[in-house]
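K.L.:
The file below is structure-v1.pdb, PDB, C-alpha atoms and all ligand atoms:
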MODEL        1
ATOM      1  CA  MET A   1     -79.077 -80.667  86.501  1.00  0.00           C
ATOM      2  CA  TRP A   2     -79.279 -78.616  83.312  1.00  0.00           C
ATOM      3  CA  ALA A   3     -75.550 -78.610  82.651  1.00  0.00           C
ATOM      4  CA  ALA A   4     -74.739 -80.056  79.263  1.00  0.00           C
ATOM      5  CA  HIS A   5     -72.853 -83.356  79.322  1.00  0.00           C
ATOM      6  CA  GLN A   6     -69.204 -82.537  78.700  1.00  0.00           C
ATOM      7  CA  THR A   7     -69.148 -84.763  75.625  1.00  0.00           C
ATOM      8  CA  ASN A   8     -71.689 -82.358  74.122  1.00  0.00           C
ATOM      9  CA  THR A   9     -69.205 -79.471  74.289  1.00  0.00           C
ATOM     10  CA  LEU A  10     -65.805 -78.665  72.807  1.00  0.00           C
ATOM     11  CA  GLY A  11     -64.471 -77.709  76.250  1.00  0.00           C
ATOM     12  CA  PRO A  12     -62.716 -74.397  76.981  1.00  0.00           C
ATOM     13  CA  PRO A  13     -61.895 -71.807  75.850  1.00  0.00           C
ATOM     14  CA  CYS A  14     -64.621 -69.533  74.542  1.00  0.00           C
ATOM     15  CA  ASN A  15     -64.057 -65.821  73.952  1.00  0.00           C
ATOM     16  CA  PRO A  16     -67.398 -64.380  72.831  1.00  0.00           C
ATOM     17  CA  LYS A  17     -67.436 -61.715  70.116  1.00  0.00           C
ATOM     18  CA  GLY A  18     -71.024 -62.148  68.970  1.00  0.00           C
ATOM     19  CA  TRP A  19     -74.356 -63.879  69.590  1.00  0.00           C
ATOM     20  CA  ILE A  20     -75.847 -66.710  67.521  1.00  0.00           C
ATOM     21  CA  LEU A  21     -79.600 -67.205  67.858  1.00  0.00           C
ATOM     22  CA  HIS A  22     -81.306 -70.573  67.418  1.00  0.00           C
ATOM     23  CA  THR A  23     -84.663 -72.224  67.715  1.00  0.00           C
ATOM     24  CA  PRO A  24     -84.373 -75.778  69.023  1.00  0.00           C
ATOM     25  CA  GLU A  25     -87.348 -77.109  67.019  1.00  0.00           C
ATOM     26  CA  GLU A  26     -89.274 -78.179  70.079  1.00  0.00           C
ATOM     27  CA  PRO A  27     -92.772 -77.132  71.168  1.00  0.00           C
ATOM     28  CA  ALA A  28     -93.117 -73.693  72.773  1.00  0.00           C
ATOM     29  CA  ASP A  29     -94.570 -75.160  75.953  1.00  0.00           C
ATOM     30  CA  GLY A  30     -92.145 -74.264  78.735  1.00  0.00           C
ATOM     31  CA  ASP A  31     -90.966 -77.874  79.071  1.00  0.00           C
ATOM     32  CA  PRO A  32     -87.212 -77.638  78.443  1.00  0.00           C
ATOM     33  CA  GLY A  33     -86.675 -80.765  76.382  1.00  0.00           C
ATOM     34  CA  THR A  34     -83.576 -79.380  74.698  1.00  0.00           C
ATOM     35  CA  PRO A  35     -81.538 -78.724  77.884  1.00  0.00           C
ATOM     36  CA  ARG A  36     -82.508 -82.240  79.015  1.00  0.00           C
ATOM     37  CA  TRP A  37     -81.253 -83.665  75.715  1.00  0.00           C
ATOM     38  CA  PHE A  38     -78.001 -81.703  76.005  1.00  0.00           C
ATOM     39  CA  ALA A  39     -77.515 -82.985  79.555  1.00  0.00           C
ATOM     40  CA  GLN A  40     -77.460 -86.589  78.340  1.00  0.00           C
ATOM     41  CA  TYR A  41     -74.587 -88.591  76.938  1.00  0.00           C
ATOM     42  CA  HIS A  42     -75.112 -89.554  73.298  1.00  0.00           C
ATOM     43  CA  ALA A  43     -73.097 -92.420  71.870  1.00  0.00           C
ATOM     44  CA  ASN A  44     -73.679 -91.156  68.339  1.00  0.00           C
ATOM     45  CA  PRO A  45     -71.329 -88.205  67.767  1.00  0.00           C
ATOM     46  CA  LEU A  46     -73.850 -86.713  65.321  1.00  0.00           C
ATOM     47  CA  GLN A  47     -76.299 -86.292  68.193  1.00  0.00           C
ATOM     48  CA  ARG A  48     -73.874 -84.297  70.302  1.00  0.00           C
ATOM     49  CA  GLY A  49     -74.703 -80.664  70.697  1.00  0.00           C
ATOM     50  CA  SER A  50     -75.341 -77.946  73.260  1.00  0.00           C
ATOM     51  CA  THR A  51     -75.823 -74.238  73.827  1.00  0.00           C
ATOM     52  CA  HIS A  52     -74.766 -71.668  76.391  1.00  0.00           C
ATOM     53  CA  TYR A  53     -78.326 -70.564  77.060  1.00  0.00           C
ATOM     54  CA  PHE A  54     -81.888 -71.734  76.525  1.00  0.00           C
ATOM     55  CA  VAL A  55     -84.753 -69.252  76.925  1.00  0.00           C
ATOM     56  CA  SER A  56     -87.964 -71.128  77.672  1.00  0.00           C
ATOM     57  CA  TYR A  57     -91.427 -70.194  76.482  1.00  0.00           C
ATOM     58  CA  LEU A  58     -92.256 -69.099  80.030  1.00  0.00           C
ATOM     59  CA  GLY A  59     -89.216 -66.800  80.163  1.00  0.00           C
ATOM     60  CA  PHE A  60     -86.895 -68.955  82.261  1.00  0.00           C
ATOM     61  CA  VAL A  61     -83.255 -68.861  81.229  1.00  0.00           C
ATOM     62  CA  PHE A  62     -81.342 -72.129  81.492  1.00  0.00           C
ATOM     63  CA  GLN A  63     -77.566 -72.081  81.343  1.00  0.00           C
ATOM     64  CA  CYS A  64     -76.341 -75.349  79.845  1.00  0.00           C
ATOM     65  CA  VAL A  65     -72.669 -74.502  79.237  1.00  0.00           C
ATOM     66  CA  PRO A  66     -70.415 -71.980  81.052  1.00  0.00           C
ATOM     67  CA  GLU A  67     -69.505 -68.962  78.933  1.00  0.00           C
ATOM     68  CA  SER A  68     -65.819 -69.935  79.095  1.00  0.00           C
ATOM     69  CA  VAL A  69     -66.605 -73.277  77.450  1.00  0.00           C
ATOM     70  CA  ALA A  70     -67.493 -73.744  73.764  1.00  0.00           C
ATOM     71  CA  PRO A  71     -70.755 -75.564  73.147  1.00  0.00           C
ATOM     72  CA  ILE A  72     -71.328 -77.580  69.973  1.00  0.00           C
ATOM     73  CA  ALA A  73     -73.838 -75.251  68.375  1.00  0.00           C
ATOM     74  CA  ASN A  74     -72.563 -73.224  65.450  1.00  0.00           C
ATOM     75  CA  GLY A  75     -70.749 -75.302  62.886  1.00  0.00           C
ATOM     76  CA  VAL A  76     -69.967 -73.047  59.923  1.00  0.00           C
ATOM     77  CA  LEU A  77     -71.091 -74.717  56.699  1.00  0.00           C
ATOM     78  CA  GLY A  78     -71.265 -73.287  53.194  1.00  0.00           C
ATOM     79  CA  LYS A  79     -71.227 -69.703  54.491  1.00  0.00           C
ATOM     80  CA  PRO A  80     -68.391 -67.317  55.306  1.00  0.00           C
ATOM     81  CA  TYR A  81     -67.412 -66.645  58.900  1.00  0.00           C
ATOM     82  CA  PRO A  82     -68.755 -63.364  60.274  1.00  0.00           C
ATOM     83  CA  ALA A  83     -66.317 -60.506  59.579  1.00  0.00           C
ATOM     84  CA  TRP A  84     -65.488 -60.135  63.283  1.00  0.00           C
ATOM     85  CA  ALA A  85     -64.603 -63.827  63.721  1.00  0.00           C
ATOM     86  CA  ASP A  86     -61.283 -65.585  63.154  1.00  0.00           C
ATOM     87  CA  PRO A  87     -61.951 -68.162  60.403  1.00  0.00           C
ATOM     88  CA  ASN A  88     -59.177 -70.376  61.770  1.00  0.00           C
ATOM     89  CA  VAL A  89     -60.927 -70.844  65.114  1.00  0.00           C
ATOM     90  CA  SER A  90     -64.203 -72.723  65.619  1.00  0.00           C
ATOM     91  CA  LEU A  91     -67.063 -70.233  65.719  1.00  0.00           C
ATOM     92  CA  ASN A  92     -68.243 -72.056  68.847  1.00  0.00           C
ATOM     93  CA  ARG A  93     -65.211 -70.612  70.608  1.00  0.00           C
ATOM     94  CA  GLN A  94     -66.035 -67.046  69.496  1.00  0.00           C
ATOM     95  CA  THR A  95     -69.758 -66.754  70.187  1.00  0.00           C
ATOM     96  CA  LEU A  96     -72.469 -66.977  72.791  1.00  0.00           C
ATOM     97  CA  SER A  97     -75.293 -69.275  71.734  1.00  0.00           C
ATOM     98  CA  VAL A  98     -78.923 -69.096  72.732  1.00  0.00           C
ATOM     99  CA  GLU A  99     -81.792 -71.454  71.925  1.00  0.00           C
ATOM    100  CA  ILE A 100     -85.192 -69.749  71.953  1.00  0.00           C
ATOM    101  CA  GLU A 101     -87.831 -72.395  72.722  1.00  0.00           C
ATOM    102  CA  GLY A 102     -90.075 -72.940  69.724  1.00  0.00           C
ATOM    103  CA  TYR A 103     -89.912 -73.716  66.028  1.00  0.00           C
ATOM    104  CA  ALA A 104     -88.220 -71.706  63.287  1.00  0.00           C
ATOM    105  CA  ALA A 105     -91.445 -71.665  61.278  1.00  0.00           C
ATOM    106  CA  THR A 106     -93.627 -70.313  64.100  1.00  0.00           C
ATOM    107  CA  ILE A 107     -91.366 -68.578  66.624  1.00  0.00           C
ATOM    108  CA  THR A 108     -92.612 -65.172  65.491  1.00  0.00           C
ATOM    109  CA  GLN A 109     -96.143 -66.223  66.506  1.00  0.00           C
ATOM    110  CA  THR A 110     -95.273 -68.076  69.723  1.00  0.00           C
ATOM    111  CA  ILE A 111     -92.731 -65.691  71.264  1.00  0.00           C
ATOM    112  CA  TRP A 112     -94.510 -63.534  73.854  1.00  0.00           C
ATOM    113  CA  SER A 113     -93.541 -60.950  76.408  1.00  0.00           C
ATOM    114  CA  PRO A 114     -91.967 -63.097  79.179  1.00  0.00           C
ATOM    115  CA  GLN A 115     -89.842 -65.010  76.674  1.00  0.00           C
ATOM    116  CA  LYS A 116     -89.054 -61.867  74.697  1.00  0.00           C
ATOM    117  CA  THR A 117     -88.077 -59.913  77.818  1.00  0.00           C
ATOM    118  CA  ALA A 118     -85.847 -62.755  79.032  1.00  0.00           C
ATOM    119  CA  LEU A 119     -84.166 -62.917  75.618  1.00  0.00           C
ATOM    120  CA  ASP A 120     -83.662 -59.117  75.479  1.00  0.00           C
ATOM    121  CA  ARG A 121     -82.073 -59.090  78.929  1.00  0.00           C
ATOM    122  CA  LEU A 122     -79.835 -62.034  78.132  1.00  0.00           C
ATOM    123  CA  LEU A 123     -78.587 -60.435  74.904  1.00  0.00           C
ATOM    124  CA  ASP A 124     -78.045 -57.113  76.692  1.00  0.00           C
ATOM    125  CA  TYR A 125     -76.146 -58.867  79.467  1.00  0.00           C
ATOM    126  CA  GLY A 126     -73.831 -60.715  77.056  1.00  0.00           C
ATOM    127  CA  CYS A 127     -73.185 -57.636  74.915  1.00  0.00           C
ATOM    128  CA  ALA A 128     -72.307 -55.551  77.978  1.00  0.00           C
ATOM    129  CA  LYS A 129     -70.127 -58.238  79.556  1.00  0.00           C
ATOM    130  CA  TYR A 130     -68.032 -58.963  76.458  1.00  0.00           C
ATOM    131  CA  SER A 131     -68.241 -55.520  74.788  1.00  0.00           C
ATOM    132  CA  ILE A 132     -70.166 -57.048  71.897  1.00  0.00           C
ATOM    133  CA  PRO A 133     -71.611 -54.256  69.724  1.00  0.00           C
ATOM    134  CA  VAL A 134     -75.418 -54.262  69.802  1.00  0.00           C
ATOM    135  CA  ASP A 135     -75.890 -54.458  66.043  1.00  0.00           C
ATOM    136  CA  ARG A 136     -77.113 -56.795  63.359  1.00  0.00           C
ATOM    137  CA  ALA A 137     -73.583 -57.862  62.416  1.00  0.00           C
ATOM    138  CA  HIS A 138     -72.900 -59.224  65.906  1.00  0.00           C
ATOM    139  CA  ILE A 139     -76.341 -60.643  66.733  1.00  0.00           C
ATOM    140  CA  ILE A 140     -77.070 -63.164  64.011  1.00  0.00           C
ATOM    141  CA  GLY A 141     -79.123 -66.234  63.197  1.00  0.00           C
ATOM    142  CA  HIS A 142     -77.776 -69.766  62.825  1.00  0.00           C
ATOM    143  CA  TYR A 143     -78.875 -69.703  59.171  1.00  0.00           C
ATOM    144  CA  GLU A 144     -76.375 -66.923  58.509  1.00  0.00           C
ATOM    145  CA  VAL A 145     -73.420 -69.231  59.167  1.00  0.00           C
ATOM    146  CA  ALA A 146     -74.792 -72.609  58.069  1.00  0.00           C
ATOM    147  CA  SER A 147     -76.369 -73.299  54.693  1.00  0.00           C
ATOM    148  CA  ASN A 148     -78.145 -76.392  56.056  1.00  0.00           C
ATOM    149  CA  ARG A 149     -79.964 -74.464  58.816  1.00  0.00           C
ATOM    150  CA  SER A 150     -82.908 -72.109  58.721  1.00  0.00           C
ATOM    151  CA  ASP A 151     -83.256 -71.291  62.422  1.00  0.00           C
ATOM    152  CA  PRO A 152     -84.329 -69.094  64.056  1.00  0.00           C
ATOM    153  CA  GLY A 153     -86.486 -68.804  60.933  1.00  0.00           C
ATOM    154  CA  THR A 154     -89.313 -66.328  61.321  1.00  0.00           C
ATOM    155  CA  LEU A 155     -87.800 -64.561  64.329  1.00  0.00           C
ATOM    156  CA  ASP A 156     -87.396 -60.894  63.284  1.00  0.00           C
ATOM    157  CA  ILE A 157     -83.770 -60.345  64.286  1.00  0.00           C
ATOM    158  CA  ASP A 158     -83.699 -56.910  62.612  1.00  0.00           C
ATOM    159  CA  ALA A 159     -86.538 -55.711  64.838  1.00  0.00           C
ATOM    160  CA  LEU A 160     -85.025 -57.365  67.905  1.00  0.00           C
ATOM    161  CA  VAL A 161     -81.692 -55.597  67.411  1.00  0.00           C
ATOM    162  CA  ALA A 162     -83.403 -52.272  66.651  1.00  0.00           C
ATOM    163  CA  GLU A 163     -85.311 -52.540  69.944  1.00  0.00           C
ATOM    164  CA  LEU A 164     -82.166 -53.399  71.878  1.00  0.00           C
ATOM    165  CA  GLN A 165     -80.482 -50.337  70.405  1.00  0.00           C
ATOM    166  CA  GLU A 166     -83.464 -48.165  71.240  1.00  0.00           C
ATOM    167  CA  GLU A 167     -84.065 -49.309  74.791  1.00  0.00           C
ATOM    168  CA  ASP A 168     -81.795 -49.094  77.737  1.00  0.00           C
ATOM    169  CA  ASP A 169     -82.154 -51.249  80.846  1.00  0.00           C
ATOM    170  CA  MET A 170     -85.095 -49.213  82.074  1.00  0.00           C
ATOM    171  CA  GLY A 171     -86.922 -49.573  78.792  1.00  0.00           C
ATOM    172  CA  LEU A 172     -86.468 -45.875  78.016  1.00  0.00           C
ATOM    173  CA  THR A 173     -85.743 -44.441  74.603  1.00  0.00           C
ATOM    174  CA  GLN A 174     -82.444 -42.586  74.200  1.00  0.00           C
ATOM    175  CA  GLU A 175     -84.355 -39.300  74.169  1.00  0.00           C
ATOM    176  CA  ASP A 176     -86.229 -40.149  77.369  1.00  0.00           C
ATOM    177  CA  LYS A 177     -83.014 -41.263  78.936  1.00  0.00           C
ATOM    178  CA  GLN A 178     -81.178 -38.020  78.118  1.00  0.00           C
ATOM    179  CA  TRP A 179     -84.058 -35.971  79.480  1.00  0.00           C
ATOM    180  CA  PHE A 180     -84.137 -38.065  82.629  1.00  0.00           C
ATOM    181  CA  GLU A 181     -80.377 -37.777  83.093  1.00  0.00           C
ATOM    182  CA  ARG A 182     -80.518 -34.013  82.712  1.00  0.00           C
ATOM    183  CA  LEU A 183     -83.287 -33.845  85.269  1.00  0.00           C
ATOM    184  CA  LEU A 184     -81.350 -36.004  87.701  1.00  0.00           C
ATOM    185  CA  ALA A 185     -78.149 -34.089  87.128  1.00  0.00           C
ATOM    186  CA  ASP A 186     -79.892 -30.759  87.799  1.00  0.00           C
ATOM    187  CA  PHE A 187     -81.420 -32.174  90.935  1.00  0.00           C
ATOM    188  CA  ALA A 188     -78.153 -33.670  92.076  1.00  0.00           C
ATOM    189  CA  LYS A 189     -76.264 -30.458  91.460  1.00  0.00           C
ATOM    190  CA  ALA A 190     -78.760 -28.599  93.599  1.00  0.00           C
ATOM    191  CA  GLN A 191     -78.119 -31.182  96.291  1.00  0.00           C
ATOM    192  CA  ILE A 192     -74.404 -30.720  95.924  1.00  0.00           C
ATOM    193  CA  HIS A 193     -74.697 -27.041  96.753  1.00  0.00           C
ATOM    194  CA  ASP A 194     -76.216 -28.155 100.019  1.00  0.00           C
ATOM    195  CA  VAL A 195     -73.570 -30.804 100.547  1.00  0.00           C
ATOM    196  CA  ARG A 196     -70.834 -28.341  99.710  1.00  0.00           C
ATOM    197  CA  ARG A 197     -71.977 -26.095 102.505  1.00  0.00           C
ATOM    198  CA  ARG A 198     -71.876 -28.967 104.934  1.00  0.00           C
ATOM    199  CA  ALA A 199     -68.897 -30.952 103.696  1.00  0.00           C
ATOM    200  CA  GLY A 200     -66.928 -28.244 101.943  1.00  0.00           C
ATOM    201  CA  ALA A 201     -66.476 -30.645  99.138  1.00  0.00           C
ATOM    202  CA  LEU A 202     -67.180 -30.631  95.433  1.00  0.00           C
ATOM    203  CA  GLU A 203     -66.784 -26.917  94.800  1.00  0.00           C
ATOM    204  CA  GLY A 204     -65.227 -26.392  91.403  1.00  0.00           C
ATOM    205  CA  TYR A 205     -65.713 -30.015  90.400  1.00  0.00           C
ATOM    206  CA  GLU A 206     -69.377 -29.951  89.408  1.00  0.00           C
ATOM    207  CA  ALA A 207     -68.677 -29.876  85.681  1.00  0.00           C
ATOM    208  CA  ASN A 208     -66.648 -33.087  85.849  1.00  0.00           C
ATOM    209  CA  VAL A 209     -68.889 -35.072  88.143  1.00  0.00           C
ATOM    210  CA  SER A 210     -70.529 -37.998  86.346  1.00  0.00           C
ATOM    211  CA  LEU A 211     -74.169 -38.915  86.744  1.00  0.00           C
ATOM    212  CA  ASN A 212     -73.084 -42.019  88.633  1.00  0.00           C
ATOM    213  CA  ASP A 213     -71.153 -39.954  91.140  1.00  0.00           C
ATOM    214  CA  LEU A 214     -74.056 -37.561  91.543  1.00  0.00           C
ATOM    215  CA  LEU A 215     -76.374 -40.474  92.235  1.00  0.00           C
ATOM    216  CA  ARG A 216     -73.967 -41.770  94.852  1.00  0.00           C
ATOM    217  CA  VAL A 217     -74.038 -38.399  96.566  1.00  0.00           C
ATOM    218  CA  ILE A 218     -77.841 -38.339  96.552  1.00  0.00           C
ATOM    219  CA  GLU A 219     -77.923 -41.868  97.892  1.00  0.00           C
ATOM    220  CA  ALA A 220     -75.488 -40.965 100.655  1.00  0.00           C
ATOM    221  CA  LEU A 221     -77.535 -37.908 101.550  1.00  0.00           C
ATOM    222  CA  SER A 222     -80.706 -39.929 101.838  1.00  0.00           C
ATOM    223  CA  ASN A 223     -79.111 -42.643 103.963  1.00  0.00           C
ATOM    224  CA  PRO A 224     -78.175 -41.488 107.465  1.00  0.00           C
ATOM    225  CA  ALA A 225     -75.926 -44.535 107.867  1.00  0.00           C
ATOM    226  CA  THR A 226     -73.676 -43.362 105.043  1.00  0.00           C
ATOM    227  CA  ASP A 227     -70.798 -40.978 105.611  1.00  0.00           C
ATOM    228  CA  THR A 228     -71.641 -38.429 102.907  1.00  0.00           C
ATOM    229  CA  ALA A 229     -68.459 -36.476 103.431  1.00  0.00           C
ATOM    230  CA  ALA A 230     -66.365 -39.600 102.863  1.00  0.00           C
ATOM    231  CA  VAL A 231     -68.210 -40.388  99.641  1.00  0.00           C
ATOM    232  CA  ILE A 232     -67.678 -36.869  98.372  1.00  0.00           C
ATOM    233  CA  ASN A 233     -64.069 -36.873  99.404  1.00  0.00           C
ATOM    234  CA  GLU A 234     -63.450 -40.087  97.476  1.00  0.00           C
ATOM    235  CA  ILE A 235     -65.027 -38.588  94.353  1.00  0.00           C
ATOM    236  CA  ARG A 236     -63.042 -35.400  94.780  1.00  0.00           C
ATOM    237  CA  MET A 237     -59.772 -37.279  95.193  1.00  0.00           C
ATOM    238  CA  ARG A 238     -60.468 -39.276  92.051  1.00  0.00           C
ATOM    239  CA  LEU A 239     -61.360 -36.196  90.011  1.00  0.00           C
ATOM    240  CA  SER A 240     -58.228 -34.350  91.077  1.00  0.00           C
ATOM    241  CA  SER A 241     -55.836 -37.259  90.582  1.00  0.00           C
TER     242      SER A 241
HETATM  243 ZN    ZN B   1     -79.481 -73.644  65.291  1.00  0.00          ZN
ENDMDL
END
Taking this structure as input, can you express it in the form of structure tokens?
Ligand SMILES: [Zn+2]
P.N.:
Amino acid sequence: MWAAHQTNTLGPPCNPKGWILHTPEEPADGDPGTPRWFAQYHANPLQRGSTHYFVSYLGFVFQCVPESVAPIANGVLGKPYPAWADPNVSLNRQTLSVEIEGYAATITQTIWSPQKTALDRLLDYGCAKYSIPVDRAHIIGHYEVASNRSDPGTLDIDALVAELQEEDDMGLTQEDKQWFERLLADFAKAQIHDVRRRAGALEGYEANVSLNDLLRVIEALSNPATDTAAVINEIRMRLSS
């Protein structure tokens, strides 16, 4: 029901290399007027537009256009293409677009934790999925590619990107994360000594075992339904291949 009408898109393909942030200039009230507008057919071509995602005031994420389809969102006007984009291809086919419910002039006052968290997670998700660098060059505002636009206005994109760089999925700083990983790795290695005795397994491989593999071993150990020896054997085979 929230899918954009196909006449409001350019159709496939879309190969995202960056994010473009927008405010739709509608009240920050959780009523998704913009996705509704995009879902309708508009006889006037000037009224045709869309977005991949819309993040509502209440923190709900609406997908209006599949990521493999180019919305009509980011016409480049009077500004250069971003350095990472091909200037011979519509920017709509090279970006993910998100509308953040609110107004350019007041978004910095109206955005609050549920909306902010939903936006952070969405940006993280897109960057991870398409190997988009989490930096200010690849997460940009509409105003940076169109001289006739000011959105997302007062949204502090610098701060947003800095936070995304600082936090991982668990909301930990890099320093916290490294400490936590060391702790887990130490714990897991102690477990492995135990496993080794029982499964005769990872001896000599400890140095090359990734945190992910260690966590799998711990998980297997704590779940009686899992064949720990098989898990370890699979890791061992991979490390020695
Ligand atoms: Zn815009």
K.L.:
Using the chain letters and numbers from the file, give me the residues hit by the PyMOL selection byres (((chain A and resi 188) around 8) and not hetatm), as a PyMOL selection string.
P.N.:
chain A and resi 184-187+189-192+214-215+217-218
K.L.:
Around ligand ZN 1 (chain B), at most 7 Å away and counting only C-alpha atoms and all ligand atoms, which residues are there? Put them as a compact mmCIF listing (two decimals) with C-alpha atoms, keeping the file's coordinate frame, please.
P.N.:
# COMPACT_ATOMS: atom_id res chain seq x y z
CA LEU A 21 -79.60 -67.20 67.86
CA HIS A 22 -81.31 -70.57 67.42
CA THR A 23 -84.66 -72.22 67.72
CA PRO A 24 -84.37 -75.78 69.02
CA ALA A 73 -73.84 -75.25 68.38
CA ASN A 74 -72.56 -73.22 65.45
CA HIS A 142 -77.78 -69.77 62.82
CA ARG A 149 -79.96 -74.46 58.82
CA ASP A 151 -83.26 -71.29 62.42
CA PRO A 152 -84.33 -69.09 64.06
K.L.:
Compute the distance from (-79.3, -76.5, 81.8) to each atom, counting only C-alpha atoms, keep the residues with any atom at most 7 Å away, and return them as a ChimeraX atom specification; use the coordinates of the file.
P.N.:
/A:1-4,35,62-64
K.L.:
Run the PyMOL selection byres (((chain A and resi 72) around 10) and not hetatm) on the file and write out the hits as a ChimeraX atom specification.
P.N.:
/A:7-11,38,48-52,65,69-71,73-75,90-93,97
K.L.:
What does the distance between CA of Gly153 in chain A and CA of Glu67 in chain A come to in Å, to one decimal place?
P.N.:
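So the answer is 24.7 Å.
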K.L.:
Need to verify the contact set: range 122-128 of chain A, 8 Å, all atoms listed in the file, exclusion of same-chain residues closer than 2 positions in sequence. Can you return it as an NGL selection string?
P.N.:
:A and (18-19 or 96 or 118-120 or 130-134 or 164)
K.L.:
Kindly provide, as AutoDock Vina command-line options, the centre and edge lengths (Å, one decimal) of an axis-aligned box around all atoms of range 143-148 of chain A given in the file, with 4 Å on each side.
P.N.:
--center_x -76.1 --center_y -71.7 --center_z 56.9 --size_x 13.5 --size_y 17.5 --size_z 12.5
K.L.:
Enumerate, as number ranges by chain, the residues matched when the PyMOL selection byres (((chain A and resi 29) around 12) and not hetatm) is run on the file above.
P.N.:
A: 25-28, 30-34, 55-60, 100-103, 107, 110-112, 115
K.L.:
To one decimal in Å, tell me the separation between CA of Trp37 in chain A and CA of Gln6 in chain A.
P.N.:
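Interatomic distance here is 12.5 Å.
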K.L.:
Compile the contact shell of range 136-140 of chain A as an mmCIF file with C-alpha atoms, in the frame of the given file: residues with an atom at most 8 Å away, counting only C-alpha atoms, same-chain residues fewer than 6 positions apart removed.
P.N.:
data_model
loop_
_atom_site.group_PDB
_atom_site.id
_atom_site.type_symbol
_atom_site.label_atom_id
_atom_site.label_comp_id
_atom_site.auth_asym_id
_atom_site.auth_seq_id
_atom_site.Cartn_x
_atom_site.Cartn_y
_atom_site.Cartn_z
ATOM 1 C CA LYS A 17 -67.436 -61.715 70.116
ATOM 2 C CA GLY A 18 -71.024 -62.148 68.970
ATOM 3 C CA TRP A 19 -74.356 -63.879 69.590
ATOM 4 C CA ILE A 20 -75.847 -66.710 67.521
ATOM 5 C CA LEU A 21 -79.600 -67.205 67.858
ATOM 6 C CA PRO A 82 -68.755 -63.364 60.274
ATOM 7 C CA TRP A 84 -65.488 -60.135 63.283
ATOM 8 C CA ILE A 157 -83.770 -60.345 64.286
ATOM 9 C CA ASP A 158 -83.699 -56.910 62.612
ATOM 10 C CA VAL A 161 -81.692 -55.597 67.411
#
K.L.:
Ranking A:Ala146, A:Lys116, A:Gln40, A:Val98 by minimum distance to Val76 in chain A and counting only C-alpha atoms, which one comes first?
P.N.:
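Comparing A:Ala146, A:Lys116, A:Gln40, A:Val98 against Val76 in chain A, the winner is A:Ala146.
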K.L.:
For a test of reading the model, state the distance in Å between CA of Thr154 in chain A and CA of Thr108 in chain A, rounded to one decimal.
P.N.:
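Distance reported for this atom pair: 5.4 Å.
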K.L.:
Nearest to Glu167 in chain A: which of A:Arg216, A:Arg121, A:Thr106, A:Thr228 is it, counting all atoms listed in the file?
P.N.:
A:Arg121
